[in-house]
Structure formats: C-alpha cells, structure tokens
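Source file coords03.pdb; content: PDB, C-alpha atoms.
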ATOM      1  CA  MET A  29       0.000   0.000   0.000  1.00  0.00           C
ATOM      2  CA  SER A  30       2.818   2.447   0.814  1.00  0.00           C
ATOM      3  CA  LYS A  31       4.449   1.864  -2.587  1.00  0.00           C
ATOM      4  CA  GLU A  32       1.155   2.625  -4.322  1.00  0.00           C
ATOM      5  CA  PHE A  33       0.791   5.778  -2.234  1.00  0.00           C
ATOM      6  CA  GLU A  34       4.324   6.796  -3.208  1.00  0.00           C
ATOM      7  CA  ARG A  35       3.628   6.111  -6.883  1.00  0.00           C
ATOM      8  CA  GLN A  36       0.563   8.350  -6.850  1.00  0.00           C
ATOM      9  CA  ILE A  37       2.470  11.137  -5.126  1.00  0.00           C
ATOM     10  CA  ASN A  38       5.369  10.880  -7.579  1.00  0.00           C
ATOM     11  CA  GLU A  39       2.969  11.276 -10.488  1.00  0.00           C
ATOM     12  CA  LYS A  40       2.100  14.713  -9.095  1.00  0.00           C
ATOM     13  CA  GLU A  41       5.543  15.719  -7.845  1.00  0.00           C
ATOM     14  CA  ASN A  42       8.789  14.050  -8.835  1.00  0.00           C
ATOM     15  CA  SER A  43      11.846  16.229  -8.350  1.00  0.00           C
ATOM     16  CA  ILE A  44      15.355  15.975  -6.964  1.00  0.00           C
ATOM     17  CA  ILE A  45      13.962  17.418  -3.710  1.00  0.00           C
ATOM     18  CA  SER A  46      11.240  14.800  -3.294  1.00  0.00           C
ATOM     19  CA  GLN A  47      13.564  11.967  -4.356  1.00  0.00           C
ATOM     20  CA  ASN A  48      16.202  12.803  -1.752  1.00  0.00           C
ATOM     21  CA  PHE A  49      14.547  14.532   1.183  1.00  0.00           C
ATOM     22  CA  TYR A  50      11.011  13.132   1.483  1.00  0.00           C
ATOM     23  CA  SER A  51      10.075  10.213   3.696  1.00  0.00           C
ATOM     24  CA  GLN A  52       6.778   8.469   4.297  1.00  0.00           C
ATOM     25  CA  LEU A  53       5.152   7.870   7.660  1.00  0.00           C
ATOM     26  CA  LEU A  54       2.597   5.216   8.519  1.00  0.00           C
ATOM     27  CA  ASN A  55       0.007   6.647  10.926  1.00  0.00           C
ATOM     28  CA  THR A  56      -1.733   4.039  13.086  1.00  0.00           C
ATOM     29  CA  TYR A  57      -4.935   5.074  14.873  1.00  0.00           C
ATOM     30  CA  ILE A  58      -6.316   2.828  17.621  1.00  0.00           C
ATOM     31  CA  CYS A  59      -9.901   3.400  18.736  1.00  0.00           C
ATOM     32  CA  GLU A  60     -11.140   2.878  22.300  1.00  0.00           C
ATOM     33  CA  CYS A  61     -12.785  -0.291  21.003  1.00  0.00           C
ATOM     34  CA  GLN A  62      -9.307  -1.422  19.766  1.00  0.00           C
ATOM     35  CA  ALA A  63     -10.232  -1.110  16.079  1.00  0.00           C
ATOM     36  CA  ILE A  64      -7.243   0.018  13.985  1.00  0.00           C
ATOM     37  CA  LYS A  65      -7.092   2.421  11.068  1.00  0.00           C
ATOM     38  CA  TYR A  66      -4.042   3.295   8.952  1.00  0.00           C
ATOM     39  CA  SER A  67      -3.061   6.275   6.829  1.00  0.00           C
ATOM     40  CA  PHE A  68       0.102   7.403   5.045  1.00  0.00           C
ATOM     41  CA  GLN A  69       1.748  10.795   5.244  1.00  0.00           C
ATOM     42  CA  ARG A  70       4.581  12.205   3.165  1.00  0.00           C
ATOM     43  CA  ILE A  71       6.889  14.600   4.998  1.00  0.00           C
ATOM     44  CA  GLY A  72      10.026  16.587   4.254  1.00  0.00           C
ATOM     45  CA  ASP A  73      11.365  16.816   7.794  1.00  0.00           C
ATOM     46  CA  ILE A  74      10.891  15.571  11.348  1.00  0.00           C
ATOM     47  CA  PRO A  75       9.898  18.544  13.569  1.00  0.00           C
ATOM     48  CA  LEU A  76      10.918  17.981  17.183  1.00  0.00           C
ATOM     49  CA  LEU A  77       9.474  20.032  20.042  1.00  0.00           C
ATOM     50  CA  LEU A  78      11.946  21.088  22.710  1.00  0.00           C
ATOM     51  CA  PRO A  79      11.253  20.931  26.462  1.00  0.00           C
ATOM     52  CA  ASP A  80      11.330  24.055  28.614  1.00  0.00           C
ATOM     53  CA  LYS A  81      13.310  24.671  31.785  1.00  0.00           C
ATOM     54  CA  ARG A  82      16.085  22.193  31.033  1.00  0.00           C
ATOM     55  CA  LYS A  83      19.762  22.752  30.313  1.00  0.00           C
ATOM     56  CA  ASP A  84      20.075  20.007  27.728  1.00  0.00           C
ATOM     57  CA  VAL A  85      18.297  17.119  26.014  1.00  0.00           C
ATOM     58  CA  SER A  86      19.509  14.357  23.698  1.00  0.00           C
ATOM     59  CA  LEU A  87      18.322  13.914  20.131  1.00  0.00           C
ATOM     60  CA  ASN A  88      17.476  10.265  20.853  1.00  0.00           C
ATOM     61  CA  GLU A  89      15.236  11.373  23.716  1.00  0.00           C
ATOM     62  CA  LEU A  90      13.411  13.815  21.455  1.00  0.00           C
ATOM     63  CA  LEU A  91      12.901  11.115  18.818  1.00  0.00           C
ATOM     64  CA  ASP A  92      11.558   8.716  21.460  1.00  0.00           C
ATOM     65  CA  ILE A  93       8.985  11.325  22.467  1.00  0.00           C
ATOM     66  CA  TYR A  94       7.999  12.038  18.849  1.00  0.00           C
ATOM     67  CA  PHE A  95       7.395   8.356  18.081  1.00  0.00           C
ATOM     68  CA  SER A  96       5.950   7.390  21.487  1.00  0.00           C
ATOM     69  CA  GLY A  97       2.322   7.990  20.540  1.00  0.00           C
ATOM     70  CA  GLU A  98      -0.322  10.559  21.456  1.00  0.00           C
ATOM     71  CA  THR A  99      -4.055  10.807  22.005  1.00  0.00           C
ATOM     72  CA  VAL A 100      -5.795  12.739  19.229  1.00  0.00           C
ATOM     73  CA  ASP A 101      -9.310  13.789  18.308  1.00  0.00           C
ATOM     74  CA  PHE A 102     -10.750  11.706  15.486  1.00  0.00           C
ATOM     75  CA  GLU A 103     -13.104  13.379  13.008  1.00  0.00           C
ATOM     76  CA  TYR A 104     -14.928  10.303  11.745  1.00  0.00           C
ATOM     77  CA  LYS A 105     -17.017   7.542  13.225  1.00  0.00           C
ATOM     78  CA  CYS A 106     -15.149   4.363  13.943  1.00  0.00           C
ATOM     79  CA  LYS A 107     -16.277   1.668  11.512  1.00  0.00           C
ATOM     80  CA  ASN A 108     -16.324  -0.856  14.331  1.00  0.00           C
ATOM     81  CA  CYS A 109     -18.086   0.901  17.246  1.00  0.00           C
ATOM     82  CA  HIS A 110     -19.666   3.694  15.137  1.00  0.00           C
ATOM     83  CA  LYS A 111     -18.609   6.393  17.606  1.00  0.00           C
ATOM     84  CA  ILE A 112     -16.580   9.558  17.236  1.00  0.00           C
ATOM     85  CA  VAL A 113     -14.039   9.173  20.023  1.00  0.00           C
ATOM     86  CA  LYS A 114     -10.391   9.984  20.666  1.00  0.00           C
ATOM     87  CA  HIS A 115      -7.827   7.644  19.144  1.00  0.00           C
ATOM     88  CA  LEU A 116      -4.316   6.687  20.181  1.00  0.00           C
ATOM     89  CA  LYS A 117      -1.983   7.614  17.329  1.00  0.00           C
ATOM     90  CA  TYR A 118       1.413   6.065  16.575  1.00  0.00           C
ATOM     91  CA  VAL A 119       3.746   6.996  13.724  1.00  0.00           C
ATOM     92  CA  ARG A 120       6.456   4.871  12.118  1.00  0.00           C
ATOM     93  CA  PHE A 121       8.560   5.170   8.976  1.00  0.00           C
ATOM     94  CA  ALA A 122       7.144   3.315   5.983  1.00  0.00           C
ATOM     95  CA  ILE A 123       9.762   4.737   3.603  1.00  0.00           C
ATOM     96  CA  LEU A 124      13.029   6.277   4.792  1.00  0.00           C
ATOM     97  CA  PRO A 125      14.533   9.314   3.050  1.00  0.00           C
ATOM     98  CA  LYS A 126      17.962   9.381   1.481  1.00  0.00           C
ATOM     99  CA  ILE A 127      18.699  12.525   3.500  1.00  0.00           C
ATOM    100  CA  LEU A 128      16.874  12.942   6.804  1.00  0.00           C
ATOM    101  CA  ILE A 129      16.080  16.493   7.900  1.00  0.00           C
ATOM    102  CA  ILE A 130      15.415  17.082  11.600  1.00  0.00           C
ATOM    103  CA  SER A 131      14.173  20.540  12.534  1.00  0.00           C
ATOM    104  CA  LEU A 132      14.508  21.572  16.170  1.00  0.00           C
ATOM    105  CA  GLN A 133      11.516  23.760  17.001  1.00  0.00           C
ATOM    106  CA  ARG A 134      13.355  26.516  18.837  1.00  0.00           C
ATOM    107  CA  ILE A 135      11.075  29.378  17.810  1.00  0.00           C
ATOM    108  CA  ASP A 136       7.732  29.846  19.572  1.00  0.00           C
ATOM    109  CA  THR A 137       5.926  32.394  17.406  1.00  0.00           C
ATOM    110  CA  MET A 138       2.961  32.601  19.775  1.00  0.00           C
ATOM    111  CA  LYS A 139       5.187  33.670  22.695  1.00  0.00           C
ATOM    112  CA  ASN A 140       7.757  35.399  20.458  1.00  0.00           C
ATOM    113  CA  LYS A 141      10.436  33.420  22.264  1.00  0.00           C
ATOM    114  CA  LYS A 142      13.406  31.231  21.365  1.00  0.00           C
ATOM    115  CA  ASN A 143      14.305  28.047  23.239  1.00  0.00           C
ATOM    116  CA  ASN A 144      18.095  27.922  23.642  1.00  0.00           C
ATOM    117  CA  ILE A 145      18.276  24.451  25.201  1.00  0.00           C
ATOM    118  CA  LYS A 146      21.355  22.456  24.201  1.00  0.00           C
ATOM    119  CA  VAL A 147      20.482  19.452  22.030  1.00  0.00           C
ATOM    120  CA  ILE A 148      23.047  16.664  22.272  1.00  0.00           C
ATOM    121  CA  PHE A 149      23.370  14.738  19.003  1.00  0.00           C
ATOM    122  CA  GLU A 150      25.861  12.216  17.679  1.00  0.00           C
ATOM    123  CA  ASP A 151      27.531  11.754  14.299  1.00  0.00           C
ATOM    124  CA  PHE A 152      25.641   8.495  13.751  1.00  0.00           C
ATOM    125  CA  LEU A 153      21.921   7.811  14.090  1.00  0.00           C
ATOM    126  CA  ASP A 154      19.981   4.537  13.843  1.00  0.00           C
ATOM    127  CA  LEU A 155      16.214   4.742  13.171  1.00  0.00           C
ATOM    128  CA  ASP A 156      15.623   0.985  13.392  1.00  0.00           C
ATOM    129  CA  LYS A 157      13.144   1.152  16.287  1.00  0.00           C
ATOM    130  CA  PHE A 158      11.099   3.830  14.495  1.00  0.00           C
ATOM    131  CA  ILE A 159      10.356   1.893  11.304  1.00  0.00           C
ATOM    132  CA  ASP A 160       7.393  -0.329  10.463  1.00  0.00           C
ATOM    133  CA  ASN A 161       8.831  -3.679   9.439  1.00  0.00           C
ATOM    134  CA  ASP A 162       5.650  -4.734   7.616  1.00  0.00           C
ATOM    135  CA  PHE A 163       6.213  -1.986   5.035  1.00  0.00           C
ATOM    136  CA  LEU A 164       9.892  -1.132   5.198  1.00  0.00           C
ATOM    137  CA  LYS A 165      12.145  -4.057   4.346  1.00  0.00           C
ATOM    138  CA  GLY A 166      15.740  -4.248   3.209  1.00  0.00           C
ATOM    139  CA  ASN A 167      16.521  -0.558   3.693  1.00  0.00           C
ATOM    140  CA  SER A 168      19.337   0.693   5.899  1.00  0.00           C
ATOM    141  CA  SER A 169      18.117   2.550   8.981  1.00  0.00           C
ATOM    142  CA  LYS A 170      21.572   3.940   9.760  1.00  0.00           C
ATOM    143  CA  TYR A 171      22.462   7.566   9.087  1.00  0.00           C
ATOM    144  CA  LYS A 172      25.563   9.764   9.317  1.00  0.00           C
ATOM    145  CA  LEU A 173      25.554  13.463  10.222  1.00  0.00           C
ATOM    146  CA  TYR A 174      26.129  15.417   7.037  1.00  0.00           C
ATOM    147  CA  GLY A 175      25.154  19.043   7.685  1.00  0.00           C
ATOM    148  CA  VAL A 176      23.988  21.383  10.428  1.00  0.00           C
ATOM    149  CA  VAL A 177      22.323  24.798  10.301  1.00  0.00           C
ATOM    150  CA  CYS A 178      22.846  26.919  13.413  1.00  0.00           C
ATOM    151  CA  HIS A 179      20.997  30.023  14.586  1.00  0.00           C
ATOM    152  CA  MET A 180      22.506  32.587  16.922  1.00  0.00           C
ATOM    153  CA  GLY A 181      20.529  35.416  18.444  1.00  0.00           C
ATOM    154  CA  THR A 182      16.877  35.987  19.313  1.00  0.00           C
ATOM    155  CA  VAL A 183      13.528  35.598  17.557  1.00  0.00           C
ATOM    156  CA  ASN A 184      13.666  39.138  16.178  1.00  0.00           C
ATOM    157  CA  PHE A 185      17.373  39.418  15.504  1.00  0.00           C
ATOM    158  CA  GLY A 186      19.815  36.654  14.680  1.00  0.00           C
ATOM    159  CA  HIS A 187      22.253  35.087  12.269  1.00  0.00           C
ATOM    160  CA  TYR A 188      22.414  31.709  10.504  1.00  0.00           C
ATOM    161  CA  THR A 189      25.542  29.701   9.772  1.00  0.00           C
ATOM    162  CA  ALA A 190      25.852  26.281   8.142  1.00  0.00           C
ATOM    163  CA  TYR A 191      28.325  23.450   8.649  1.00  0.00           C
ATOM    164  CA  LEU A 192      28.915  20.711   6.087  1.00  0.00           C
ATOM    165  CA  ASN A 193      30.957  17.508   6.146  1.00  0.00           C
ATOM    166  CA  LEU A 194      32.189  16.986   2.606  1.00  0.00           C
ATOM    167  CA  GLY A 195      33.829  13.672   3.414  1.00  0.00           C
ATOM    168  CA  LEU A 196      37.315  15.130   3.079  1.00  0.00           C
ATOM    169  CA  LYS A 197      39.193  13.377   5.897  1.00  0.00           C
ATOM    170  CA  GLY A 198      36.268  14.027   8.236  1.00  0.00           C
ATOM    171  CA  ARG A 199      36.713  17.790   8.072  1.00  0.00           C
ATOM    172  CA  TRP A 200      33.820  20.177   8.590  1.00  0.00           C
ATOM    173  CA  PHE A 201      33.396  23.418   6.661  1.00  0.00           C
ATOM    174  CA  GLU A 202      31.696  26.539   8.010  1.00  0.00           C
ATOM    175  CA  PHE A 203      29.573  28.603   5.617  1.00  0.00           C
ATOM    176  CA  ASN A 204      29.069  32.089   7.051  1.00  0.00           C
ATOM    177  CA  ASP A 205      27.614  34.486   4.476  1.00  0.00           C
ATOM    178  CA  SER A 206      30.252  34.648   1.730  1.00  0.00           C
ATOM    179  CA  SER A 207      32.995  33.166   3.934  1.00  0.00           C
ATOM    180  CA  VAL A 208      33.907  29.466   3.857  1.00  0.00           C
ATOM    181  CA  THR A 209      36.414  28.131   6.394  1.00  0.00           C
ATOM    182  CA  VAL A 210      37.640  24.726   7.555  1.00  0.00           C
ATOM    183  CA  THR A 211      36.746  24.000  11.191  1.00  0.00           C
ATOM    184  CA  GLY A 212      38.498  20.635  11.460  1.00  0.00           C
ATOM    185  CA  ASN A 213      36.772  17.623  13.005  1.00  0.00           C
ATOM    186  CA  GLU A 214      34.536  19.666  15.312  1.00  0.00           C
ATOM    187  CA  PHE A 215      32.133  22.588  15.084  1.00  0.00           C
ATOM    188  CA  PRO A 216      29.927  24.559  17.531  1.00  0.00           C
ATOM    189  CA  LYS A 217      26.844  22.444  18.322  1.00  0.00           C
ATOM    190  CA  ASP A 218      25.085  24.517  20.986  1.00  0.00           C
ATOM    191  CA  ASN A 219      23.090  26.577  18.473  1.00  0.00           C
ATOM    192  CA  ALA A 220      21.967  23.701  16.230  1.00  0.00           C
ATOM    193  CA  TYR A 221      18.686  24.475  14.471  1.00  0.00           C
ATOM    194  CA  ILE A 222      18.395  21.985  11.592  1.00  0.00           C
ATOM    195  CA  LEU A 223      20.210  18.641  11.284  1.00  0.00           C
ATOM    196  CA  PHE A 224      20.898  16.759   8.047  1.00  0.00           C
ATOM    197  CA  TYR A 225      21.673  13.026   8.224  1.00  0.00           C
ATOM    198  CA  ILE A 226      22.583  11.046   5.094  1.00  0.00           C
ATOM    199  CA  ASN A 227      21.614   7.385   4.721  1.00  0.00           C
ATOM    200  CA  ASP A 228      24.249   4.722   5.185  1.00  0.00           C
ATOM    201  CA  GLU A 229      23.553   3.306   1.712  1.00  0.00           C
ATOM    202  CA  ILE A 230      24.654   6.601   0.132  1.00  0.00           C
ATOM    203  CA  TYR A 231      27.770   7.574   2.031  1.00  0.00           C
TER
END
Represent the structure of the file as structure tokens.
Amino acid sequence: MSKEFERQINEKENSIISQNFYSQLLNTYICECQAIKYSFQRIGDIPLLLPDKRKDVSLNELLDIYFSGETVDFEYKCKNCHKIVKHLKYVRFAILPKILIISLQRIDTMKNKKNNIKVIFEDFLDLDKFIDNDFLKGNSSKYKLYGVVCHMGTVNFGHYTAYLNLGLKGRWFEFNDSSVTVTGNEFPKDNAYILFYINDEIY
C-alpha cells in the first residue's frame, strides 16, 4: 500500500527534492474499542518540540517522544463501534529518506520566544526502532551526520551559519555568508537548528 501511495504522489511531484529529502510515515490510529485504522503521510522533515526549563536534552530522547504515541481527536465515526471518540496515534517510517532532515523547534511564534536548550546529538543515528517492518524491508536505517544549520541570536534578531561535512578526511566546513572556512573535526553544536543526516547506503 505504501508503494502505491508513493507512486501516486510521484505522479504529481517528482523532483530531486522529493527523491532525496522526502520520507513516508505510517500513521496508526487505535480506537477505544481497539479497532485500527491506517493512513500514510509524506513529509520533508521531522519537527521535534523542545522541552522548557532544562539545560540540555539528547536527540534520541526527542525522537523517542515524537514516536511514542499521542491521544488525538478523530473526526470520523469508527467503523467498528460507530462512535466519534479519541484515538491513540502512533507513527512509524514506511519509507526512509535518502537525506533525513530534523528541525529543532526553537522558535515559539505565539510567545515570540526562542528556546536555547542544548540538544546533544551524535555523528551516527539509527532509526531501526522507528520503522514499520511490515512496510519497510531491506533498507538501511543507519544515518551519518552530514550538515547542520545553526541560529545565533533571538527571535527578532539573529544570524544563521551552516556546517557541512564533505567527506574530506572528516573535516567540517563553516559557511558564514560569503565566507567558507575549515573548522576541522569539530564545530559549535550549541546553536543547532536543523540537522541533516545522510543514509548509510549513500555515504
């Protein structure tokens, strides 16, 4: 079913962006009567909410929260119990992207505030426990950190820089406006805003 969904989407939009950056999620909705409904969702990034009043949090912890499940309002009558009730929703990967984009939701536009919590992330990431094995088979779930966008400043005034690992002896390059410099094997991680991980099958 996911392949058919992907085929239909590709007929409408098939570009280098969609081929490399888009993934597909399987949404599982469980009714109070235990009836199950599925739907597919195509996404370009994984948006992760950040906790307040903490000094730091790990990327793996944020991913665990994102994929842990939530209770949601359901708009339609359940086909089993014929009631409109809340459902428990779980999400899993049905198709993994070639390049995974993780956006850290630092900006709260409603409060006009930026969350400066430190997000601890590693060079390697394994998504194995977040995939649906009934749909996703034979694909590598391992990723390597490839690029990072950082934001310094406040909601109303700030500056973006980007860091990219070009695979040249593990060196990272800093892109700051028109300036490009080599930072060596490390780079500032405290202001990470967007993370780019490339699939193991590519690098």
Suppose a student applies the PyMOL selection byres ((chain A and resi 104) around 12) to this structure; what residues should they get, written as a PyMOL selection string?
chain A and resi 57+59+65+101-103+105-115
Specify as a list in words each residue included when the PyMOL selection byres ((chain A and resi 178-190) around 6) is applied to this file.
Lys142, Val176, Val177, Tyr191, Glu202, Phe203, Asn204, Asn219, Ala220 and Tyr221 of chain A
Could you list, as a PyMOL selection string, every residue within 12 Å of Leu155 of chain A, counting only C-alpha atoms and ignoring same-chain residues fewer than 6 positions away?
chain A and resi 87-88+91-92+95+120-125+128+161+164+167-172+225+227-228
Just to confirm, what's the straight-line distance from atom CA of Arg82 of chain A to atom CA of Lys157 of chain A in Å (one decimal)?
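We find that atom CA of Arg82 of chain A and atom CA of Lys157 of chain A lie 25.9 Å from each other.
Of the residues under consideration (A:Leu116, A:Leu77, A:Ile145, A:Val100), A:Leu116 shows the shortest atom-to-atom contact distance to Ile64 of chain A when counting all atoms listed in the file.
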With all atoms listed in the file as the atoms that count, which of A:Ile130, A:Ile135, A:Ile74, A:Leu54 lies nearest to Phe149 of chain A?
A:Ile130
Using only C-alpha atoms for the distances, tell me which of A:Arg70, A:Glu214, A:Pro75, A:Lys117 is nearest to Ser131 of chain A.
A:Pro75
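Here the PyMOL selection byres ((chain A and resi 80) around 12) catches exactly these residues: Leu77, Leu78, Pro79, Lys81, Arg82, Lys83, Asp84, Val85, Gln133, Arg134, Asp136, Lys141, Lys142, Asn143, Asn144, Ile145 and Lys146 of chain A.
Computed from the coordinates, the atom CA of Ile159 of chain A to atom CA of Gln52 of chain A distance equals 10.3 Å.
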Listed atoms of segment 189-198 of chain A, axis-aligned box, 8 Å per side: centre and edge lengths to one decimal in Å, as AutoDock Vina command-line options?
--center_x 32.4 --center_y 21.5 --center_z 6.2 --size_x 29.7 --size_y 32.3 --size_z 23.2
Which residue gives the smallest distance to Tyr94 of chain A among A:Phe158, A:Ile127, A:Leu192, A:Asn213, with only C-alpha atoms counted?
A:Phe158
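Minimum distance to Ile44 of chain A across A:Lys126, A:Asn140, A:Ile222, A:Ile71 (counting only C-alpha atoms) occurs at A:Lys126.
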To one decimal place in Å, what is the distance between atom CA of Gly72 of chain A and atom CA of Ile129 of chain A?
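Computing the Euclidean distance for atom CA of Gly72 of chain A and atom CA of Ile129 of chain A yields 7.1 Å.
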Between A:Leu194, A:Leu53, A:Val147, A:Leu153, which one has atoms that come closest to Lys217 of chain A, using all atoms listed in the file?
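Using all atoms listed in the file, Lys217 of chain A sits closest to A:Val147.
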